$ cat input_9.json   # JSON, C-alpha atoms
[["chain", "number", "residue", "atom", "x", "y", "z"],
["A", 29, "MET", "CA", -11.03, 101.49, 80.26],
["A", 30, "GLN", "CA", -14.08, 100.55, 78.21],
["A", 31, "VAL", "CA", -14.96, 97.08, 76.99],
["A", 32, "ALA", "CA", -13.68, 96.94, 73.41],
["A", 33, "MET", "CA", -12.04, 94.60, 70.88],
["A", 34, "ASN", "CA", -9.18, 92.60, 72.45],
["A", 35, "THR", "CA", -9.93, 93.51, 76.06],
["A", 36, "VAL", "CA", -10.19, 91.03, 78.90],
["A", 37, "VAL", "CA", -13.47, 91.52, 80.75],
["A", 38, "THR", "CA", -13.82, 90.17, 84.28],
["A", 39, "MET", "CA", -17.39, 89.95, 85.56],
["A", 40, "THR", "CA", -19.79, 88.31, 87.92],
["A", 41, "TYR", "CA", -22.93, 86.89, 86.35],
["A", 42, "LYS", "CA", -26.20, 85.09, 86.90],
["A", 43, "LEU", "CA", -28.13, 82.97, 84.40],
["A", 44, "GLN", "CA", -31.84, 82.43, 85.04],
["A", 45, "ASN", "CA", -34.62, 80.59, 83.20],
["A", 46, "SER", "CA", -37.94, 82.19, 82.26],
["A", 47, "ASP", "CA", -39.42, 81.14, 85.62],
["A", 48, "GLY", "CA", -36.76, 83.20, 87.42],
["A", 49, "ASP", "CA", -34.91, 80.12, 88.72],
["A", 50, "THR", "CA", -31.15, 80.59, 88.92],
["A", 51, "LEU", "CA", -29.44, 78.04, 86.70],
["A", 52, "GLU", "CA", -25.89, 79.23, 87.22],
["A", 53, "GLU", "CA", -24.22, 82.02, 89.14],
["A", 54, "SER", "CA", -20.56, 82.96, 89.45],
["A", 55, "LYS", "CA", -19.18, 82.69, 92.96],
["A", 56, "ASP", "CA", -15.96, 84.36, 91.86],
["A", 57, "PRO", "CA", -15.46, 86.74, 88.94],
["A", 58, "VAL", "CA", -14.84, 85.10, 85.56],
["A", 59, "ALA", "CA", -12.98, 86.52, 82.59],
["A", 60, "TYR", "CA", -13.42, 86.34, 78.82],
["A", 61, "LEU", "CA", -11.64, 87.78, 75.80],
["A", 62, "HIS", "CA", -13.89, 90.35, 74.15],
["A", 63, "GLY", "CA", -13.95, 90.73, 70.39],
["A", 64, "GLY", "CA", -15.82, 87.97, 68.58],
["A", 65, "TYR", "CA", -13.79, 85.00, 69.83],
["A", 66, "ASP", "CA", -16.90, 82.99, 70.82],
["A", 67, "ASN", "CA", -15.92, 83.07, 74.51],
["A", 68, "ILE", "CA", -19.39, 84.31, 75.50],
["A", 69, "PHE", "CA", -22.82, 84.46, 73.85],
["A", 70, "PRO", "CA", -22.61, 86.98, 70.97],
["A", 71, "LYS", "CA", -25.70, 88.86, 72.17],
["A", 72, "VAL", "CA", -24.12, 89.28, 75.62],
["A", 73, "GLU", "CA", -20.84, 90.40, 74.09],
["A", 74, "GLU", "CA", -22.74, 93.00, 72.06],
["A", 75, "ALA", "CA", -24.39, 94.34, 75.24],
["A", 76, "MET", "CA", -21.01, 94.48, 77.04],
["A", 77, "HIS", "CA", -19.31, 96.47, 74.27],
["A", 78, "GLY", "CA", -18.53, 100.03, 75.34],
["A", 79, "LYS", "CA", -19.38, 99.43, 79.01],
["A", 80, "ASN", "CA", -17.13, 100.39, 81.93],
["A", 81, "VAL", "CA", -16.11, 98.86, 85.26],
["A", 82, "GLY", "CA", -19.14, 98.80, 87.57],
["A", 83, "ASP", "CA", -21.66, 98.77, 84.72],
["A", 84, "SER", "CA", -24.24, 96.00, 84.56],
["A", 85, "VAL", "CA", -26.01, 94.40, 81.64],
["A", 86, "GLU", "CA", -29.21, 92.38, 81.47],
["A", 87, "VAL", "CA", -29.74, 90.37, 78.30],
["A", 88, "SER", "CA", -32.72, 88.22, 77.38],
["A", 89, "LEU", "CA", -31.56, 85.24, 75.34],
["A", 90, "ASP", "CA", -33.89, 83.30, 73.08],
["A", 91, "PRO", "CA", -32.87, 79.65, 72.55],
["A", 92, "GLU", "CA", -31.09, 80.47, 69.28],
["A", 93, "ASP", "CA", -29.01, 83.11, 71.15],
["A", 94, "ALA", "CA", -27.94, 80.65, 73.86],
["A", 95, "PHE", "CA", -27.99, 76.84, 73.79],
["A", 96, "GLY", "CA", -30.13, 76.33, 70.70],
["A", 97, "GLU", "CA", -33.54, 74.87, 70.10],
["A", 98, "TYR", "CA", -34.30, 71.46, 71.58],
["A", 99, "ASP", "CA", -33.60, 68.81, 68.91],
["A", 100, "ASP", "CA", -35.59, 65.57, 69.29],
["A", 101, "ALA", "CA", -33.16, 63.87, 66.90],
["A", 102, "LEU", "CA", -30.46, 64.12, 69.60],
["A", 103, "VAL", "CA", -32.45, 61.81, 71.89],
["A", 104, "GLN", "CA", -31.70, 58.13, 71.31],
["A", 105, "ILE", "CA", -32.54, 54.82, 72.91],
["A", 106, "GLU", "CA", -29.64, 52.39, 73.05],
["A", 107, "PRO", "CA", -29.27, 48.89, 74.47],
["A", 108, "ALA", "CA", -27.42, 48.90, 77.80],
["A", 109, "SER", "CA", -25.02, 46.37, 76.29],
["A", 110, "ALA", "CA", -23.71, 49.13, 73.96],
["A", 111, "PHE", "CA", -22.05, 50.83, 76.94],
["A", 112, "PRO", "CA", -18.65, 49.72, 78.25],
["A", 113, "SER", "CA", -19.70, 50.05, 81.89],
["A", 114, "GLN", "CA", -22.72, 48.29, 83.31],
["A", 115, "ASP", "CA", -22.74, 50.70, 86.30],
["A", 116, "LEU", "CA", -24.92, 53.15, 84.38],
["A", 117, "LYS", "CA", -26.76, 55.91, 86.24],
["A", 118, "VAL", "CA", -29.12, 58.68, 85.17],
["A", 119, "GLY", "CA", -27.10, 61.88, 84.83],
["A", 120, "MET", "CA", -23.91, 60.20, 83.63],
["A", 121, "GLN", "CA", -22.37, 61.90, 80.62],
["A", 122, "PHE", "CA", -20.18, 60.70, 77.77],
["A", 123, "GLU", "CA", -18.93, 61.96, 74.45],
["A", 124, "GLY", "CA", -20.12, 60.75, 71.08],
["A", 125, "GLU", "CA", -19.88, 61.97, 67.50],
["A", 126, "ASP", "CA", -22.54, 63.06, 65.07],
["A", 127, "GLU", "CA", -22.48, 62.14, 61.38],
["A", 128, "THR", "CA", -20.10, 65.03, 60.60],
["A", 129, "GLY", "CA", -17.61, 63.99, 63.28],
["A", 130, "ASP", "CA", -18.48, 66.81, 65.69],
["A", 131, "VAL", "CA", -18.27, 65.81, 69.34],
["A", 132, "ILE", "CA", -21.58, 65.78, 71.23],
["A", 133, "LEU", "CA", -21.90, 65.46, 75.00],
["A", 134, "TYR", "CA", -24.68, 62.97, 75.78],
["A", 135, "THR", "CA", -26.46, 62.67, 79.14],
["A", 136, "ILE", "CA", -28.24, 59.52, 80.30],
["A", 137, "THR", "CA", -31.81, 60.59, 81.10],
["A", 138, "ASP", "CA", -33.48, 57.20, 81.72],
["A", 139, "ILE", "CA", -32.63, 53.53, 82.14],
["A", 140, "ALA", "CA", -35.27, 50.78, 81.97],
["A", 141, "ASP", "CA", -35.64, 47.22, 80.73],
["A", 142, "GLY", "CA", -32.08, 47.01, 79.41],
["A", 143, "LYS", "CA", -32.47, 50.23, 77.43],
["A", 144, "VAL", "CA", -30.70, 53.55, 77.99],
["A", 145, "VAL", "CA", -32.10, 56.92, 76.89],
["A", 146, "VAL", "CA", -29.37, 59.39, 75.98],
["A", 147, "ASP", "CA", -29.87, 63.07, 75.17],
["A", 148, "GLY", "CA", -27.33, 65.13, 73.22],
["A", 149, "ASN", "CA", -29.11, 68.44, 73.83],
["A", 150, "HIS", "CA", -27.64, 70.91, 76.29],
["A", 151, "PRO", "CA", -29.76, 70.75, 79.48],
["A", 152, "TRP", "CA", -30.94, 74.32, 78.84],
["A", 153, "ALA", "CA", -31.62, 73.89, 75.10],
["A", 154, "GLY", "CA", -34.97, 75.29, 74.04],
["A", 155, "GLN", "CA", -35.16, 77.66, 77.01],
["A", 156, "ARG", "CA", -35.38, 81.43, 77.05],
["A", 157, "LEU", "CA", -32.75, 82.72, 79.51],
["A", 158, "LEU", "CA", -31.91, 85.93, 81.31],
["A", 159, "PHE", "CA", -28.20, 86.75, 81.62],
["A", 160, "THR", "CA", -27.21, 89.50, 84.06],
["A", 161, "ALA", "CA", -23.63, 90.58, 84.67],
["A", 162, "THR", "CA", -21.63, 93.29, 86.41],
["A", 163, "ILE", "CA", -18.22, 94.26, 85.08],
["A", 164, "ALA", "CA", -15.50, 93.96, 87.73],
["A", 165, "SER", "CA", -12.49, 94.90, 85.58],
["A", 166, "VAL", "CA", -11.36, 95.55, 82.02],
["A", 167, "ARG", "CA", -7.79, 95.37, 80.74],
["A", 168, "SER", "CA", -6.01, 95.09, 77.42],
["A", 169, "ALA", "CA", -5.41, 91.52, 76.33],
["A", 170, "ASN", "CA", -1.81, 90.46, 75.80],
["A", 171, "GLN", "CA", -0.55, 89.10, 72.46],
["A", 172, "GLU", "CA", -0.57, 85.49, 73.67],
["A", 173, "GLU", "CA", -4.23, 85.75, 74.73],
["A", 174, "ILE", "CA", -5.16, 87.28, 71.38],
["A", 175, "SER", "CA", -3.28, 84.63, 69.39],
["A", 176, "HIS", "CA", -4.82, 81.82, 71.51],
["A", 177, "GLN", "CA", -8.22, 83.56, 71.44],
["A", 178, "HIS", "CA", -8.89, 83.15, 75.16],
["A", 179, "VAL", "CA", -7.86, 84.64, 78.51],
["A", 180, "HIS", "CA", -4.87, 83.21, 80.38],
["A", 181, "GLY", "CA", -4.21, 83.23, 84.11],
["A", 182, "ALA", "CA", -6.54, 83.95, 87.01],
["A", 183, "GLY", "CA", -10.19, 83.73, 85.97],
["A", 184, "GLY", "CA", -9.26, 82.43, 82.53],
["A", 185, "HIS", "CA", -7.64, 79.44, 80.82],
["A", 186, "HIS", "CA", -4.60, 77.70, 82.29],
["A", 187, "HIS", "CA", -2.29, 75.69, 80.02]]
$ encode --input "input_9.json" --output "structure tokens"
Amino acid sequence: MQVAMNTVVTMTYKLQNSDGDTLEESKDPVAYLHGGYDNIFPKVEEAMHGKNVGDSVEVSLDPEDAFGEYDDALVQIEPASAFPSQDLKVGMQFEGEDETGDVILYTITDIADGKVVVDGNHPWAGQRLLFTATIASVRSANQEEISHQHVHGAGGHHH
């Protein structure tokens, strides 16, 4: 079976930065629902379309194709007193909202002199990435997966 609209694609993958450093790699195969459901980067989904089990893809992703450009406006300095916990550590994450009400995941990047630097950019924002994947299996999605717009069960979403 070929990768097509409303198929469940199971794959192994590796994501590297432009220096060739591995940022993320699947230990076990992962699955996504193919067909424009935003379960994978659109450029990767385009490369996967029409492929078969055993085929591999290699896709170069510019920042706008992956985690976006780095946005300096998402870096803020806040007083430590603005945080509910005083046990703050670099690397801690918390959710906040932007002016439109969208949820942003912020990461603490620095703490000094009673001030906390938080960054709402994805850690890989602004980076050119290389995504490589090998297709392990392809099957037709079931109606529940299509209506929920994601894969259920092993390798996918569990309710």
$ closest_residue --input "input_9.json" --among "A:Ser54, A:Asn80, A:Thr162, A:Asn149" --to "A:Asp99" --atoms "all atoms listed in the file"
A:Asn149
$ atom_distance --input "input_9.json" --atom1 "atom CA of A:Asn67" --atom2 "atom CA of A:Asp147"
24.4 Å
$ closest_residue --input "input_9.json" --among "A:Leu158, A:Val144, A:Val81, A:Val36" --to "A:Leu61" --atoms "only C-alpha atoms"
A:Val36
$ closest_residue --input "input_9.json" --among "A:Met76, A:Ile105, A:Met39, A:Leu157" --to "A:Leu51" --atoms "only C-alpha atoms"
A:Leu157
$ residues_around --input "input_9.json" --residues "A:Gly63" --least-positions-apart "4" --cutoff "9 Å" --atoms "all atoms listed in the file" --output "ChimeraX atom specification"
/A:32-35,67,73,77
$ build_atoms --input "input_9.json" --residues "stretch 44-70 of chain A" --atoms "N, CA and C atoms" --output "compact mmCIF listing (two decimals), in the coordinates of the input"
# COMPACT_ATOMS: atom_id res chain seq x y z
N GLN A 44 -30.55 82.89 84.52
CA GLN A 44 -31.84 82.43 85.04
C GLN A 44 -32.72 81.94 83.89
N ASN A 45 -33.64 81.03 84.21
CA ASN A 45 -34.62 80.59 83.20
C ASN A 45 -35.82 81.54 83.23
N SER A 46 -36.79 81.29 82.38
CA SER A 46 -37.94 82.19 82.26
C SER A 46 -38.84 82.18 83.49
N ASP A 47 -38.67 81.18 84.37
CA ASP A 47 -39.42 81.14 85.62
C ASP A 47 -38.71 81.92 86.73
N GLY A 48 -37.52 82.46 86.43
CA GLY A 48 -36.76 83.20 87.42
C GLY A 48 -35.85 82.33 88.28
N ASP A 49 -35.79 81.02 87.97
CA ASP A 49 -34.91 80.12 88.72
C ASP A 49 -33.47 80.36 88.29
N THR A 50 -32.56 80.43 89.24
CA THR A 50 -31.15 80.59 88.92
C THR A 50 -30.58 79.25 88.47
N LEU A 51 -30.04 79.24 87.26
CA LEU A 51 -29.44 78.04 86.70
C LEU A 51 -27.95 77.98 87.00
N GLU A 52 -27.32 79.15 86.99
CA GLU A 52 -25.89 79.23 87.22
C GLU A 52 -25.57 80.64 87.71
N GLU A 53 -24.62 80.72 88.62
CA GLU A 53 -24.22 82.02 89.14
C GLU A 53 -22.75 81.95 89.51
N SER A 54 -21.99 82.97 89.14
CA SER A 54 -20.56 82.96 89.45
C SER A 54 -20.36 83.26 90.93
N LYS A 55 -19.56 82.43 91.56
CA LYS A 55 -19.18 82.69 92.96
C LYS A 55 -18.01 83.67 92.97
N ASP A 56 -17.11 83.49 92.03
CA ASP A 56 -15.96 84.36 91.86
C ASP A 56 -16.05 84.98 90.47
N PRO A 57 -15.44 86.14 90.27
CA PRO A 57 -15.46 86.74 88.94
C PRO A 57 -14.83 85.82 87.89
N VAL A 58 -15.36 85.86 86.69
CA VAL A 58 -14.84 85.10 85.56
C VAL A 58 -14.43 86.07 84.47
N ALA A 59 -13.51 85.64 83.62
CA ALA A 59 -12.98 86.52 82.59
C ALA A 59 -13.19 85.92 81.21
N TYR A 60 -13.35 86.78 80.22
CA TYR A 60 -13.42 86.34 78.82
C TYR A 60 -12.71 87.37 77.96
N LEU A 61 -12.27 86.91 76.78
CA LEU A 61 -11.64 87.78 75.80
C LEU A 61 -12.71 88.34 74.89
N HIS A 62 -12.85 89.66 74.90
CA HIS A 62 -13.89 90.35 74.15
C HIS A 62 -13.41 90.62 72.72
N GLY A 63 -14.30 90.38 71.76
CA GLY A 63 -13.95 90.73 70.39
C GLY A 63 -14.31 89.69 69.35
N GLY A 64 -15.37 88.92 69.59
CA GLY A 64 -15.82 87.97 68.58
C GLY A 64 -15.08 86.65 68.59
N TYR A 65 -14.54 86.26 69.73
CA TYR A 65 -13.79 85.00 69.83
C TYR A 65 -14.65 83.83 70.30
N ASP A 66 -15.96 84.04 70.39
CA ASP A 66 -16.90 82.99 70.82
C ASP A 66 -16.61 82.50 72.24
N ASN A 67 -16.16 83.42 73.12
CA ASN A 67 -15.92 83.07 74.51
C ASN A 67 -17.15 83.35 75.38
N ILE A 68 -18.16 83.96 74.79
CA ILE A 68 -19.39 84.31 75.50
C ILE A 68 -20.48 84.41 74.43
N PHE A 69 -21.74 84.34 74.82
CA PHE A 69 -22.82 84.46 73.85
C PHE A 69 -22.68 85.78 73.08
N PRO A 70 -22.77 85.75 71.76
CA PRO A 70 -22.61 86.98 70.97
C PRO A 70 -23.53 88.13 71.40
